[in-house]
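Student: Provided herewith is a single structure, encoded as structure tokens, for subsequent inquiry.
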Amino acid sequence: MSTLKGPEIWQTIFVPKLHELYRKEVPSTKRFEKLIDKLGGKITLDHGATRTADRELYELLTRIGAAFGLEPKASYEFPEKHLTAIAMDLPDGSGFKWFSTLILYRELSDKLVQAVEEDMERSKHHLSSKGKELLEKLEQDKSLNRKEADALCEILVNEFFHRQGKPLKKATLEMVIKESNELANALLMGPQFNHVAYLLNELDIKDWYGAEVIQVLNDTMERAGFTMLPAVQGKPGGILRQTSTMADRLSFKLDDNGKTVTIDHPAMFLEFIQRGAEQDKDGKTLFDKHGKIKRFQGFLATNTVKLYDSTKVS
């Protein structure tokens, strides 16, 4: 049986499974993709993002990324939101990127710190024994056969990347919301990808040629009834412009003094990213060895800090 290397597993199995999960669980996904299909456009995913307050879990996420061949490319600090993050990507920058955020919850109030650490014990995260076995094999051999690769990605996408253990306490959620929307989102969802981003450079809607595509998309989506961020992030013509939907409200079970209750809470959203051309010191466009425009592949903290508000409780 032929084997697949980590990057190929990531691109051809993990990412499609994550995309399918979004199509099943996040209503805005199918709505958006149906709109783009009607306009004659093409769907291309750029990156996804996770959040956690658990440093041990954060390190495990980085380890999982490394097993697939992803490398940390840059780090970002958001002191006003008590967040730090790394961007992981394949070595050549060609793949689906992973923006991984660690929430610095110890910088928040003492009472909140105590509640968060209690919740971490209630929802201790682990990878199943089969998942561990396959992850370790991928780390050691740098490849898996097709059946193994599919099994690992199935375990990760549909089991591991969810909250585990007991439901979050309602009182804890109410306390956390007052100090950090990002932390509230992470406690409810576990290490689930809170958003996926679509690459607009490959949208290919002919009627939009010559226009600032991200602005046209934003306005088109608002006309179609989507609730978007208040403004597109990044300067027109700049190296990076981004916008997003406000997160879909999904259902979560909470522990209300021993009684299980269900609430709706902002959870998962769609981001849209337009990557501009890199330039040399004289303002000349840079090209790669194949003669294609060299586009900025990183992220900008000034943009990202606003995108975190997509899961804000209104």
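Labels used: A, B, ... for chains in the order of the structure tokens, numbers from 1 for residues in each chain, and numbers from 1 for ligands as shown.
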Identify, with DSSP run on backbone atoms, the residues in range 28-79 of chain A assigned to strand (DSSP E), and express the list as a list in words.
Tutor: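 Filtering range 28-79 of chain A down to strand (DSSP E) leaves Leu45, Asp46, His47, Gly48, Ala49, Thr50, Arg51, Thr52, Glu71, Pro72, Lys73, Ala74, Ser75, Tyr76, Glu77 and Phe78 of chain A.
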Student: Go through range 171-286 of chain A residue by residue and, counting only C-alpha atoms, keep those with an atom at most 10 Å from range 143-163 of chain A; for each kept residue give the shortest atom pair and its distance in Å to one decimal, ordered by chain and increasing number, as a tab-separated table.
Tutor:
residue	atom	partner	partner_atom	distance
A:Ala186	CA	A:Arg163	CA	8.7
A:Leu187	CA	A:Arg163	CA	7.6
A:Leu188	CA	A:Arg163	CA	6.8
A:Met189	CA	A:Arg163	CA	5.2
A:Gly190	CA	A:Arg163	CA	3.9
A:Pro191	CA	A:Phe161	CA	5.1
A:Gln192	CA	A:Phe161	CA	4.4
A:Phe193	CA	A:Phe161	CA	7.2
Student: Write the residues of the preceding selection, restricted to N, CA and C atoms, as a short mmCIF file (atom, residue, chain, number, x, y, z; two decimals), in the first residue's frame.
Tutor:
data_model
loop_
_atom_site.label_atom_id
_atom_site.label_comp_id
_atom_site.auth_asym_id
_atom_site.auth_seq_id
_atom_site.Cartn_x
_atom_site.Cartn_y
_atom_site.Cartn_z
N ALA A 186 -13.11 29.82 23.71
CA ALA A 186 -12.21 28.67 23.82
C ALA A 186 -12.69 27.65 24.83
N LEU A 187 -13.23 28.10 25.96
CA LEU A 187 -13.72 27.17 26.97
C LEU A 187 -14.92 26.38 26.47
N LEU A 188 -15.79 27.03 25.72
CA LEU A 188 -16.96 26.35 25.18
C LEU A 188 -16.58 25.33 24.10
N MET A 189 -15.65 25.69 23.25
CA MET A 189 -15.36 24.89 22.06
C MET A 189 -14.20 23.92 22.20
N GLY A 190 -13.36 24.10 23.22
CA GLY A 190 -12.14 23.32 23.23
C GLY A 190 -11.23 23.80 22.11
N PRO A 191 -10.34 22.95 21.60
CA PRO A 191 -9.39 23.40 20.57
C PRO A 191 -9.96 23.35 19.15
N GLN A 192 -11.28 23.39 19.03
CA GLN A 192 -11.90 23.40 17.71
C GLN A 192 -11.42 24.60 16.89
N PHE A 193 -11.30 24.44 15.59
CA PHE A 193 -10.97 25.57 14.72
C PHE A 193 -12.14 26.55 14.75
#
Student: With only C-alpha atoms as the basis for distance, which of A:Asp255, A:Gly131, A:Glu182, A:Leu39 is at the shortest distance from Thr220 in chain A?
Tutor: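 Closest residue, counting only C-alpha atoms: A:Leu39.
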Student: Excluding Lys284 in chain A and residues on its chain fewer than 5 positions from it, collect all residues at most 12 Å away from it, counting only C-alpha atoms, and give them as a ChimeraX atom specification.
Tutor: /A:277-279,293-294
Student: Would you pick out the contacts of Ile36 in chain A at 10 Å or less, using only C-alpha atoms, so that residues sharing its chain but fewer than 3 positions from it are not included, and give the list as a list of chain:residue names?
Tutor: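 Near neighbours after the sequence-gap exclusion: A:Lys30, A:Arg31, A:Phe32, A:Glu33, A:Leu39, A:Gly40, A:Gly41, A:Lys42, A:Ile43, A:Leu203, A:Asp204, A:Ile205, A:Leu217, A:Met221.
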Student: Could you check which of A:Arg63, A:Lys312, A:His290, A:Arg55 is closest to Leu135 in chain A, using only C-alpha atoms?
Tutor: A:Arg63
Student: Using only C-alpha atoms, which of A:Asp37, A:Glu121, A:Asp92, A:Glu56 sits nearest Lys73 in chain A?
Tutor: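 Closest candidate: A:Asp92.
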Student: Which of these, A:Pro236, A:Pro27, A:Gly65, A:Gly210, has the shortest distance to Ile9 in chain A once you count only C-alpha atoms?
Tutor: A:Gly65
Student: For Ser310 in chain A, find every residue with an atom within 8 Å (counting only C-alpha atoms), except residues of its own chain fewer than 5 positions away, and show them as a VMD selection string.
Tutor: chain A and resid 229 244 to 247 269
Student: Of the candidates A:Val113, A:Leu70, A:Leu300, A:Leu270, which one gets nearest to Ser94 in chain A if we count only C-alpha atoms?
Tutor: A:Leu70
Student: Identify, on the basis of only C-alpha atoms, every residue whose closest approach to Glu139 in chain A does not exceed 9 Å; exclude the query and any residue fewer than 4 positions from it along the same chain; express the result as an MDAnalysis selection string.
Tutor: chainID A and resid 6 64 66:68 134:135 143
Student: Restricted to N, CA and C atoms, what would the selected residues look like written as a PDB file, in the first residue's frame?
Tutor:
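Result written to again-v5.pdb:
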ATOM      1  N   GLY A   6       3.517  13.647   5.522  1.00  0.00           N
ATOM      2  CA  GLY A   6       2.742  14.557   6.361  1.00  0.00           C
ATOM      3  C   GLY A   6       2.066  15.701   5.628  1.00  0.00           C
ATOM      4  N   ILE A  64       1.148  18.475  16.787  1.00  0.00           N
ATOM      5  CA  ILE A  64       0.324  17.894  15.720  1.00  0.00           C
ATOM      6  C   ILE A  64       0.638  18.580  14.390  1.00  0.00           C
ATOM      7  N   ALA A  66       3.397  20.038  13.553  1.00  0.00           N
ATOM      8  CA  ALA A  66       4.743  19.633  13.125  1.00  0.00           C
ATOM      9  C   ALA A  66       4.729  18.246  12.486  1.00  0.00           C
ATOM     10  N   ALA A  67       3.893  17.351  13.008  1.00  0.00           N
ATOM     11  CA  ALA A  67       3.803  15.998  12.443  1.00  0.00           C
ATOM     12  C   ALA A  67       3.333  16.040  10.993  1.00  0.00           C
ATOM     13  N   PHE A  68       2.504  17.021  10.668  1.00  0.00           N
ATOM     14  CA  PHE A  68       2.024  17.179   9.291  1.00  0.00           C
ATOM     15  C   PHE A  68       3.006  17.963   8.418  1.00  0.00           C
ATOM     16  N   LEU A 134      -1.109   6.639  16.010  1.00  0.00           N
ATOM     17  CA  LEU A 134      -0.948   7.097  14.625  1.00  0.00           C
ATOM     18  C   LEU A 134      -0.113   8.370  14.543  1.00  0.00           C
ATOM     19  N   LEU A 135      -0.302   9.276  15.519  1.00  0.00           N
ATOM     20  CA  LEU A 135       0.494  10.503  15.538  1.00  0.00           C
ATOM     21  C   LEU A 135       1.971  10.174  15.715  1.00  0.00           C
ATOM     22  N   SER A 143       5.385   9.494   7.423  1.00  0.00           N
ATOM     23  CA  SER A 143       4.356   9.096   6.463  1.00  0.00           C
ATOM     24  C   SER A 143       3.429   8.059   7.091  1.00  0.00           C
TER      25      SER A 143
END
Student: Just give me the gap between CA of Lys170 in chain A and CA of Leu83 in chain A in Å, one decimal is fine.
Tutor: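 Distance between the two atoms: 23.3 Å.
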Student: Could you give me, as a short mmCIF file (atom, residue, chain, number, x, y, z; two decimals) with N, CA and C atoms, in the first residue's frame, the residues within 6 Å of Arg275 in chain A, counting only C-alpha atoms and dropping anything in the same chain fewer than 2 positions from it?
Tutor:
data_model
loop_
_atom_site.label_atom_id
_atom_site.label_comp_id
_atom_site.auth_asym_id
_atom_site.auth_seq_id
_atom_site.Cartn_x
_atom_site.Cartn_y
_atom_site.Cartn_z
N ILE A 239 -0.54 44.89 1.47
CA ILE A 239 -0.09 43.51 1.35
C ILE A 239 -1.07 42.51 1.96
N LEU A 240 -2.00 42.99 2.81
CA LEU A 240 -2.95 42.06 3.41
C LEU A 240 -4.23 42.80 3.80
N ARG A 295 3.35 36.73 -3.34
CA ARG A 295 2.37 37.35 -2.45
C ARG A 295 2.73 37.16 -0.99
N PHE A 296 2.38 38.15 -0.19
CA PHE A 296 2.62 38.11 1.25
C PHE A 296 1.90 36.90 1.84
#
Student: Would you work out the distance separating CA of Leu102 in chain A from CA of Ala53 in chain A, expressed in Å to one decimal?
Tutor: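 That distance, rounded to one decimal, is 5.6 Å.
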